[in-house]
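Quick notes on the structure that follows.
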Amino acid sequence: PCWCIKISKRPWSKDVIFSDELKRGLKIEKTLEQSEKTILSIMYTCQIEGKEAFEVIKKKSMFSEEAINSKIDELIKNQLVNEDRNTLTEIGRNSLCVVLAGGVFDIIHPGHIHTLNAAKELGDVLVVVVATDNTAVKMKKRRPLHAQEQRQELVNSLSMVDLCLIGQEDDIFKTVNHVKPQIIALGYDQVHQEKFITEGCKKIELDAKVARLESPIPESSSSKIQKEYGESIHGI
(Lines give C-alpha, C1' and ligand atoms only; values in the text may rest on other atoms or scores of the structure.)
Protein backbone atom coordinates (compact mmCIF):
# COMPACT_ATOMS: atom_id res chain seq x y z
CA PRO A 1 0.00 0.00 0.00
CA CYS A 2 1.06 3.61 -0.53
CA TRP A 3 2.06 5.64 2.49
CA CYS A 4 3.30 9.13 3.08
CA ILE A 5 4.71 10.53 6.33
CA LYS A 6 4.10 14.12 5.27
CA ILE A 7 0.31 14.01 5.47
CA SER A 8 -0.22 11.30 8.06
CA LYS A 9 -1.34 13.12 11.20
CA ARG A 10 -2.26 10.22 13.41
CA PRO A 11 0.46 8.57 15.54
CA TRP A 12 1.19 4.97 14.69
CA SER A 13 -0.11 2.48 17.21
CA LYS A 14 2.48 0.49 19.14
CA ASP A 15 0.47 -2.59 18.24
CA VAL A 16 1.00 -2.12 14.51
CA ILE A 17 3.67 -4.41 13.08
CA PHE A 18 5.46 -3.02 10.04
CA SER A 19 7.31 -5.11 7.49
CA ASP A 20 11.09 -4.75 7.54
CA GLU A 21 10.91 -2.91 4.23
CA LEU A 22 8.40 -0.37 5.52
CA LYS A 23 10.44 0.16 8.68
CA ARG A 24 13.46 0.85 6.53
CA GLY A 25 11.44 3.19 4.33
CA LEU A 26 10.20 5.17 7.32
CA LYS A 27 13.75 5.55 8.62
CA ILE A 28 15.07 6.66 5.23
CA GLU A 29 12.23 9.15 4.77
CA LYS A 30 13.40 10.96 7.91
CA THR A 31 17.10 10.95 7.10
CA LEU A 32 17.30 11.67 3.36
CA GLU A 33 19.18 14.81 2.45
CA GLN A 34 17.51 17.29 0.10
CA SER A 35 20.10 16.54 -2.60
CA GLU A 36 19.27 12.84 -2.41
CA LYS A 37 15.56 13.58 -2.51
CA THR A 38 16.14 15.72 -5.60
CA ILE A 39 17.96 12.89 -7.38
CA LEU A 40 15.27 10.37 -6.46
CA SER A 41 12.53 12.74 -7.66
CA ILE A 42 14.22 13.27 -11.02
CA MET A 43 14.83 9.54 -11.42
CA TYR A 44 11.15 8.92 -10.74
CA THR A 45 9.97 11.38 -13.41
CA CYS A 46 12.51 9.99 -15.89
CA GLN A 47 11.18 6.49 -15.23
CA ILE A 48 7.66 7.71 -16.03
CA GLU A 49 8.87 9.21 -19.32
CA GLY A 50 11.30 6.38 -20.15
CA LYS A 51 14.33 8.68 -20.15
CA GLU A 52 17.91 8.23 -18.98
CA ALA A 53 18.19 10.08 -15.67
CA PHE A 54 21.85 11.13 -15.38
CA GLU A 55 21.87 14.03 -17.87
CA VAL A 56 18.53 15.30 -16.57
CA ILE A 57 19.86 15.24 -13.00
CA LYS A 58 22.94 17.18 -14.11
CA LYS A 59 20.82 19.78 -15.89
CA LYS A 60 18.16 20.26 -13.23
CA SER A 61 20.26 19.93 -10.07
CA MET A 62 23.43 21.75 -11.18
CA PHE A 63 25.44 19.11 -9.27
CA SER A 64 28.82 18.09 -10.66
CA GLU A 65 29.13 14.66 -12.29
CA GLU A 66 31.34 13.54 -9.41
CA ALA A 67 28.76 14.65 -6.84
CA ILE A 68 25.94 12.94 -8.73
CA ASN A 69 27.83 9.67 -9.02
CA SER A 70 28.75 9.81 -5.33
CA LYS A 71 25.11 10.39 -4.33
CA ILE A 72 23.89 7.59 -6.61
CA ASP A 73 26.48 5.23 -5.08
CA GLU A 74 25.11 6.06 -1.65
CA LEU A 75 21.51 5.60 -2.79
CA ILE A 76 22.38 2.19 -4.26
CA LYS A 77 24.04 1.25 -0.99
CA ASN A 78 20.87 2.21 0.86
CA GLN A 79 18.80 0.14 -1.61
CA LEU A 80 16.93 3.17 -2.92
CA VAL A 81 18.31 2.99 -6.47
CA ASN A 82 18.84 -0.11 -8.58
CA GLU A 83 22.25 -1.22 -9.83
CA ASP A 84 21.38 0.19 -13.26
CA ARG A 85 21.86 3.65 -11.66
CA ASN A 86 18.75 4.82 -13.49
CA THR A 87 15.66 3.43 -11.74
CA LEU A 88 14.25 3.40 -8.22
CA THR A 89 13.80 0.33 -6.06
CA GLU A 90 10.46 -0.15 -4.35
CA ILE A 91 11.95 1.37 -1.21
CA GLY A 92 13.21 4.34 -3.20
CA ARG A 93 9.81 4.87 -4.80
CA ASN A 94 8.09 4.66 -1.43
CA SER A 95 10.44 7.27 0.02
CA LEU A 96 8.76 9.82 -2.28
CA CYS A 97 5.27 11.19 -1.83
CA VAL A 98 3.89 11.77 -5.33
CA VAL A 99 0.98 14.17 -5.88
CA LEU A 100 -1.14 14.03 -9.04
CA ALA A 101 -3.20 16.97 -10.29
CA GLY A 102 -5.04 17.51 -13.55
CA GLY A 103 -6.95 20.01 -15.66
CA VAL A 104 -7.19 21.72 -19.04
CA PHE A 105 -4.73 24.56 -18.28
CA ASP A 106 -5.59 26.46 -21.45
CA ILE A 107 -5.10 29.96 -20.02
CA ILE A 108 -2.82 29.93 -16.97
CA HIS A 109 -4.14 32.33 -14.32
CA PRO A 110 -3.50 33.07 -10.59
CA GLY A 111 -5.99 30.41 -9.51
CA HIS A 112 -3.94 27.75 -11.31
CA ILE A 113 -0.71 28.95 -9.74
CA HIS A 114 -2.12 28.89 -6.22
CA THR A 115 -3.72 25.48 -6.71
CA LEU A 116 -0.55 23.91 -8.10
CA ASN A 117 1.59 25.45 -5.34
CA ALA A 118 -0.82 24.03 -2.76
CA ALA A 119 -0.70 20.62 -4.45
CA LYS A 120 3.12 20.61 -4.46
CA GLU A 121 3.17 21.36 -0.73
CA LEU A 122 1.37 18.07 -0.10
CA GLY A 123 4.31 15.95 -1.23
CA ASP A 124 7.73 15.69 -2.85
CA VAL A 125 6.85 15.32 -6.54
CA LEU A 126 4.03 17.03 -8.43
CA VAL A 127 2.83 15.37 -11.62
CA VAL A 128 0.24 17.31 -13.62
CA VAL A 129 -1.97 15.81 -16.31
CA VAL A 130 -3.38 18.11 -19.01
CA ALA A 131 -6.58 17.06 -20.73
CA THR A 132 -6.45 16.07 -24.38
CA ASP A 133 -8.04 18.45 -26.86
CA ASN A 134 -11.10 16.21 -27.21
CA THR A 135 -11.51 15.88 -23.45
CA ALA A 136 -11.14 19.65 -23.08
CA VAL A 137 -14.04 20.17 -25.50
CA LYS A 138 -16.22 17.81 -23.44
CA MET A 139 -15.26 19.58 -20.21
CA LYS A 140 -15.39 23.22 -21.36
CA LYS A 141 -17.90 22.97 -24.23
CA ARG A 142 -15.40 24.79 -26.47
CA ARG A 143 -12.13 24.05 -28.20
CA PRO A 144 -9.05 25.09 -26.21
CA LEU A 145 -7.03 28.02 -27.51
CA HIS A 146 -3.85 25.96 -27.26
CA ALA A 147 -3.25 22.41 -28.48
CA GLN A 148 -2.55 19.71 -25.90
CA GLU A 149 1.18 19.68 -26.66
CA GLN A 150 1.38 23.45 -26.15
CA ARG A 151 -0.49 23.21 -22.86
CA GLN A 152 1.82 20.42 -21.74
CA GLU A 153 4.88 22.54 -22.56
CA LEU A 154 3.41 25.52 -20.73
CA VAL A 155 2.64 23.56 -17.56
CA ASN A 156 6.04 21.83 -17.68
CA SER A 157 7.64 25.29 -17.55
CA LEU A 158 6.07 26.09 -14.15
CA SER A 159 8.60 25.84 -11.34
CA MET A 160 6.41 23.83 -8.95
CA VAL A 161 5.65 21.14 -11.56
CA ASP A 162 8.04 18.19 -11.76
CA LEU A 163 6.39 16.51 -14.73
CA CYS A 164 3.44 17.22 -17.02
CA LEU A 165 1.75 14.47 -19.03
CA ILE A 166 -1.04 14.46 -21.60
CA GLY A 167 -3.99 12.48 -20.31
CA GLN A 168 -5.87 9.49 -21.70
CA GLU A 169 -9.20 10.09 -23.39
CA ASP A 170 -10.93 6.81 -22.65
CA ASP A 171 -9.91 6.17 -19.03
CA ILE A 172 -8.32 8.67 -16.64
CA PHE A 173 -7.25 5.83 -14.36
CA LYS A 174 -4.76 4.56 -16.97
CA THR A 175 -2.66 7.63 -16.22
CA VAL A 176 -3.32 7.31 -12.48
CA ASN A 177 -2.10 3.71 -12.59
CA HIS A 178 0.99 4.77 -14.57
CA VAL A 179 1.94 7.50 -12.07
CA LYS A 180 0.73 5.66 -8.93
CA PRO A 181 0.42 8.77 -6.75
CA GLN A 182 -0.07 8.72 -3.01
CA ILE A 183 -2.25 11.84 -3.26
CA ILE A 184 -4.66 13.03 -5.94
CA ALA A 185 -5.28 16.78 -5.66
CA LEU A 186 -8.52 18.24 -7.02
CA GLY A 187 -9.02 21.95 -7.67
CA TYR A 188 -11.88 23.81 -6.00
CA ASP A 189 -13.89 23.93 -9.25
CA GLN A 190 -13.12 20.52 -10.69
CA VAL A 191 -16.20 18.40 -11.31
CA HIS A 192 -14.70 15.09 -10.23
CA GLN A 193 -16.30 13.72 -7.09
CA GLU A 194 -14.01 12.37 -4.40
CA LYS A 195 -16.02 9.14 -4.30
CA PHE A 196 -15.53 8.59 -8.04
CA ILE A 197 -11.78 9.01 -7.64
CA THR A 198 -11.43 6.78 -4.56
CA GLU A 199 -13.56 4.01 -6.08
CA GLY A 200 -11.58 4.18 -9.32
CA CYS A 201 -8.34 3.87 -7.36
CA LYS A 202 -9.66 0.83 -5.53
CA LYS A 203 -10.35 -0.88 -8.86
CA ILE A 204 -6.69 -0.54 -9.82
CA GLU A 205 -5.63 -1.48 -6.28
CA LEU A 206 -4.11 1.92 -5.55
CA ASP A 207 -4.29 3.29 -2.01
CA ALA A 208 -4.33 7.03 -2.75
CA LYS A 209 -5.74 9.88 -0.71
CA VAL A 210 -7.86 12.59 -2.35
CA ALA A 211 -7.28 16.24 -1.41
CA ARG A 212 -9.75 18.96 -2.40
CA LEU A 213 -7.84 22.23 -2.76
CA GLU A 214 -9.36 25.67 -2.36
CA SER A 215 -8.47 28.74 -4.39
CA PRO A 216 -8.26 32.15 -2.69
CA ILE A 217 -9.29 33.65 -6.04
CA PRO A 218 -12.45 31.70 -6.97
CA GLU A 219 -13.42 34.36 -9.52
CA SER A 220 -10.22 33.70 -11.47
CA SER A 221 -10.95 31.06 -14.10
CA SER A 222 -10.22 30.37 -17.76
CA SER A 223 -13.95 30.39 -18.54
CA LYS A 224 -14.39 33.85 -16.98
CA ILE A 225 -11.40 35.22 -18.89
CA GLN A 226 -12.78 33.74 -22.13
CA LYS A 227 -16.22 35.21 -21.43
CA GLU A 228 -14.90 38.70 -20.67
CA TYR A 229 -12.54 38.92 -23.65
CA GLY A 230 -14.57 36.82 -26.06
CA GLU A 231 -13.09 36.23 -29.49
CA SER A 232 -10.57 39.04 -28.98
CA ILE A 233 -8.54 36.75 -26.71
CA HIS A 234 -7.35 34.88 -29.81
CA GLY A 235 -5.41 37.97 -30.82
CA ILE A 236 -3.62 38.43 -27.47
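Ligands are numbered from 1 in the order shown, residues from 1 within each chain, and chains are lettered A, B, ... in the order they appear in the C-alpha coordinates.
The shell of residues at most 12 Å from Ala67 in chain A, with only C-alpha atoms counted and near chain neighbours (fewer than 2 positions) removed, consists of Ser35, Glu36, Ile39, Phe54, Ile57, Lys58, Ser61, Met62, Phe63, Ser64, Glu65, Asn69, Ser70, Lys71, Ile72, Asp73 and Glu74 of chain A.
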Can I get the residues of range 126-161 of chain A within 12 Å of range 88-100 of chain A, each with the closest pair of atoms and their distance in Å to one decimal, using only C-alpha atoms, sorted chain first then ascending number, as JSON lines?
```
{"residue": "A:Leu126", "atom": "CA", "partner": "A:Val99", "partner_atom": "CA", "distance": 4.9}
{"residue": "A:Val127", "atom": "CA", "partner": "A:Leu100", "partner_atom": "CA", "distance": 4.9}
{"residue": "A:Val128", "atom": "CA", "partner": "A:Leu100", "partner_atom": "CA", "distance": 5.8}
{"residue": "A:Val129", "atom": "CA", "partner": "A:Leu100", "partner_atom": "CA", "distance": 7.5}
{"residue": "A:Val130", "atom": "CA", "partner": "A:Leu100", "partner_atom": "CA", "distance": 11.0}
{"residue": "A:Met160", "atom": "CA", "partner": "A:Val99", "partner_atom": "CA", "distance": 11.5}
{"residue": "A:Val161", "atom": "CA", "partner": "A:Val99", "partner_atom": "CA", "distance": 10.1}
```
Please produce a file of the residues just selected, as a PDB file, in the first residue's frame, where the atoms kept are N, CA and C atoms.
```pdb
ATOM      1  N   LEU A 126       5.334  16.668  -7.871  1.00  0.00           N
ATOM      2  CA  LEU A 126       4.031  17.030  -8.431  1.00  0.00           C
ATOM      3  C   LEU A 126       3.983  16.668  -9.907  1.00  0.00           C
ATOM      4  N   VAL A 127       3.082  15.747 -10.239  1.00  0.00           N
ATOM      5  CA  VAL A 127       2.833  15.366 -11.621  1.00  0.00           C
ATOM      6  C   VAL A 127       1.487  15.957 -12.020  1.00  0.00           C
ATOM      7  N   VAL A 128       1.469  16.677 -13.134  1.00  0.00           N
ATOM      8  CA  VAL A 128       0.239  17.310 -13.617  1.00  0.00           C
ATOM      9  C   VAL A 128      -0.163  16.675 -14.941  1.00  0.00           C
ATOM     10  N   VAL A 129      -1.435  16.379 -15.074  1.00  0.00           N
ATOM     11  CA  VAL A 129      -1.966  15.809 -16.310  1.00  0.00           C
ATOM     12  C   VAL A 129      -2.850  16.843 -16.993  1.00  0.00           C
ATOM     13  N   VAL A 130      -2.522  17.191 -18.247  1.00  0.00           N
ATOM     14  CA  VAL A 130      -3.378  18.106 -19.008  1.00  0.00           C
ATOM     15  C   VAL A 130      -4.338  17.291 -19.860  1.00  0.00           C
ATOM     16  N   MET A 160       6.876  24.795  -9.953  1.00  0.00           N
ATOM     17  CA  MET A 160       6.410  23.831  -8.952  1.00  0.00           C
ATOM     18  C   MET A 160       6.074  22.467  -9.546  1.00  0.00           C
ATOM     19  N   VAL A 161       6.030  22.383 -10.876  1.00  0.00           N
ATOM     20  CA  VAL A 161       5.649  21.141 -11.559  1.00  0.00           C
ATOM     21  C   VAL A 161       6.897  20.324 -11.896  1.00  0.00           C
TER      22      VAL A 161
END
```
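The interatomic distance for the pair CA of Asp207 in chain A and CA of Ala101 in chain A works out to 16.0 Å.
Going from CA of Asp170 in chain A over to CA of Thr135 in chain A, you cover 9.1 Å.
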Next on the checklist: So that I can check the surroundings of Gln168 in chain A, please list as a list in words every protein, DNA and RNA residue that reaches within 9 Å of it, counting only C-alpha atoms and ignoring chain neighbours fewer than 5 positions away.
Outcome noted: Ala131, Thr132, Thr135, Phe173, Lys174 and Thr175 of chain A
Checklist entry - Tell me, which residues of range 137-194 of chain A carry DSSP alpha helix (DSSP H), written as a list in words? => result Val137, Lys138, Met139, Lys140, Gln148, Glu149, Gln150, Arg151, Gln152, Glu153, Leu154, Val155, Asn156, Ile172, Phe173, Lys174, Thr175, Val176, Asn177, His178, Val179 and Glu194 of chain A
Checklist entry - CA of Glu52 in chain A and CA of Lys120 in chain A are how many Å apart? => result 24.1 Å
Excluding Leu158 in chain A and residues on its chain fewer than 4 positions from it, collect all residues at most 12 Å away from it, counting only C-alpha atoms, and give them as a tab-separated table (two decimals) with N, CA, C and O atoms, in the first residue's frame.
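Output file selection_36.tsv is given in full below:
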```tsv
chain	number	residue	atom	x	y	z
A	105	PHE	N	-5.87	23.63	-18.30
A	105	PHE	CA	-4.73	24.56	-18.28
A	105	PHE	C	-4.55	25.24	-19.63
A	105	PHE	O	-3.45	25.29	-20.18
A	108	ILE	N	-3.34	29.98	-18.34
A	108	ILE	CA	-2.82	29.93	-16.97
A	108	ILE	C	-3.14	31.24	-16.26
A	108	ILE	O	-2.84	32.33	-16.77
A	109	HIS	N	-3.75	31.15	-15.08
A	109	HIS	CA	-4.14	32.33	-14.32
A	109	HIS	C	-3.76	32.14	-12.85
A	109	HIS	O	-3.31	31.04	-12.46
A	112	HIS	N	-4.76	28.93	-11.00
A	112	HIS	CA	-3.94	27.75	-11.31
A	112	HIS	C	-2.66	27.74	-10.48
A	112	HIS	O	-2.27	26.70	-9.93
A	113	ILE	N	-1.98	28.87	-10.44
A	113	ILE	CA	-0.71	28.95	-9.74
A	113	ILE	C	-0.87	28.62	-8.26
A	113	ILE	O	-0.11	27.82	-7.69
A	114	HIS	N	-1.89	29.18	-7.64
A	114	HIS	CA	-2.12	28.89	-6.22
A	114	HIS	C	-2.45	27.41	-6.01
A	114	HIS	O	-1.90	26.77	-5.08
A	116	LEU	N	-1.70	24.79	-7.87
A	116	LEU	CA	-0.55	23.91	-8.10
A	116	LEU	C	0.49	24.06	-6.99
A	116	LEU	O	1.12	23.07	-6.59
A	117	ASN	N	0.68	25.27	-6.48
A	117	ASN	CA	1.59	25.45	-5.34
A	117	ASN	C	1.08	24.68	-4.12
A	117	ASN	O	1.86	24.03	-3.41
A	120	LYS	N	1.71	20.98	-4.64
A	120	LYS	CA	3.12	20.61	-4.46
A	120	LYS	C	3.48	20.53	-2.98
A	120	LYS	O	4.29	19.68	-2.57
A	126	LEU	N	5.33	16.67	-7.87
A	126	LEU	CA	4.03	17.03	-8.43
A	126	LEU	C	3.98	16.67	-9.91
A	126	LEU	O	4.74	17.20	-10.71
A	127	VAL	N	3.08	15.75	-10.24
A	127	VAL	CA	2.83	15.37	-11.62
A	127	VAL	C	1.49	15.96	-12.02
A	127	VAL	O	0.49	15.78	-11.32
A	128	VAL	N	1.47	16.68	-13.13
A	128	VAL	CA	0.24	17.31	-13.62
A	128	VAL	C	-0.16	16.68	-14.94
A	128	VAL	O	0.68	16.46	-15.82
A	151	ARG	N	-0.10	23.11	-24.27
A	151	ARG	CA	-0.49	23.21	-22.86
A	151	ARG	C	0.44	22.39	-21.98
A	151	ARG	O	0.79	22.78	-20.86
A	152	GLN	N	0.85	21.23	-22.48
A	152	GLN	CA	1.82	20.42	-21.74
A	152	GLN	C	3.14	21.17	-21.57
A	152	GLN	O	3.71	21.19	-20.47
A	153	GLU	N	3.62	21.79	-22.63
A	153	GLU	CA	4.88	22.54	-22.56
A	153	GLU	C	4.77	23.71	-21.59
A	153	GLU	O	5.69	23.99	-20.82
A	154	LEU	N	3.64	24.39	-21.61
A	154	LEU	CA	3.41	25.52	-20.73
A	154	LEU	C	3.44	25.10	-19.27
A	154	LEU	O	4.12	25.71	-18.44
A	162	ASP	N	6.91	19.07	-11.46
A	162	ASP	CA	8.04	18.19	-11.76
A	162	ASP	C	7.88	17.47	-13.09
A	162	ASP	O	8.86	17.16	-13.76
A	163	LEU	N	6.65	17.21	-13.48
A	163	LEU	CA	6.39	16.51	-14.73
A	163	LEU	C	4.96	16.78	-15.18
A	163	LEU	O	4.04	16.76	-14.36
A	164	CYS	N	4.78	17.05	-16.47
A	164	CYS	CA	3.44	17.22	-17.02
A	164	CYS	C	3.23	16.19	-18.12
A	164	CYS	O	4.08	16.03	-19.00
```
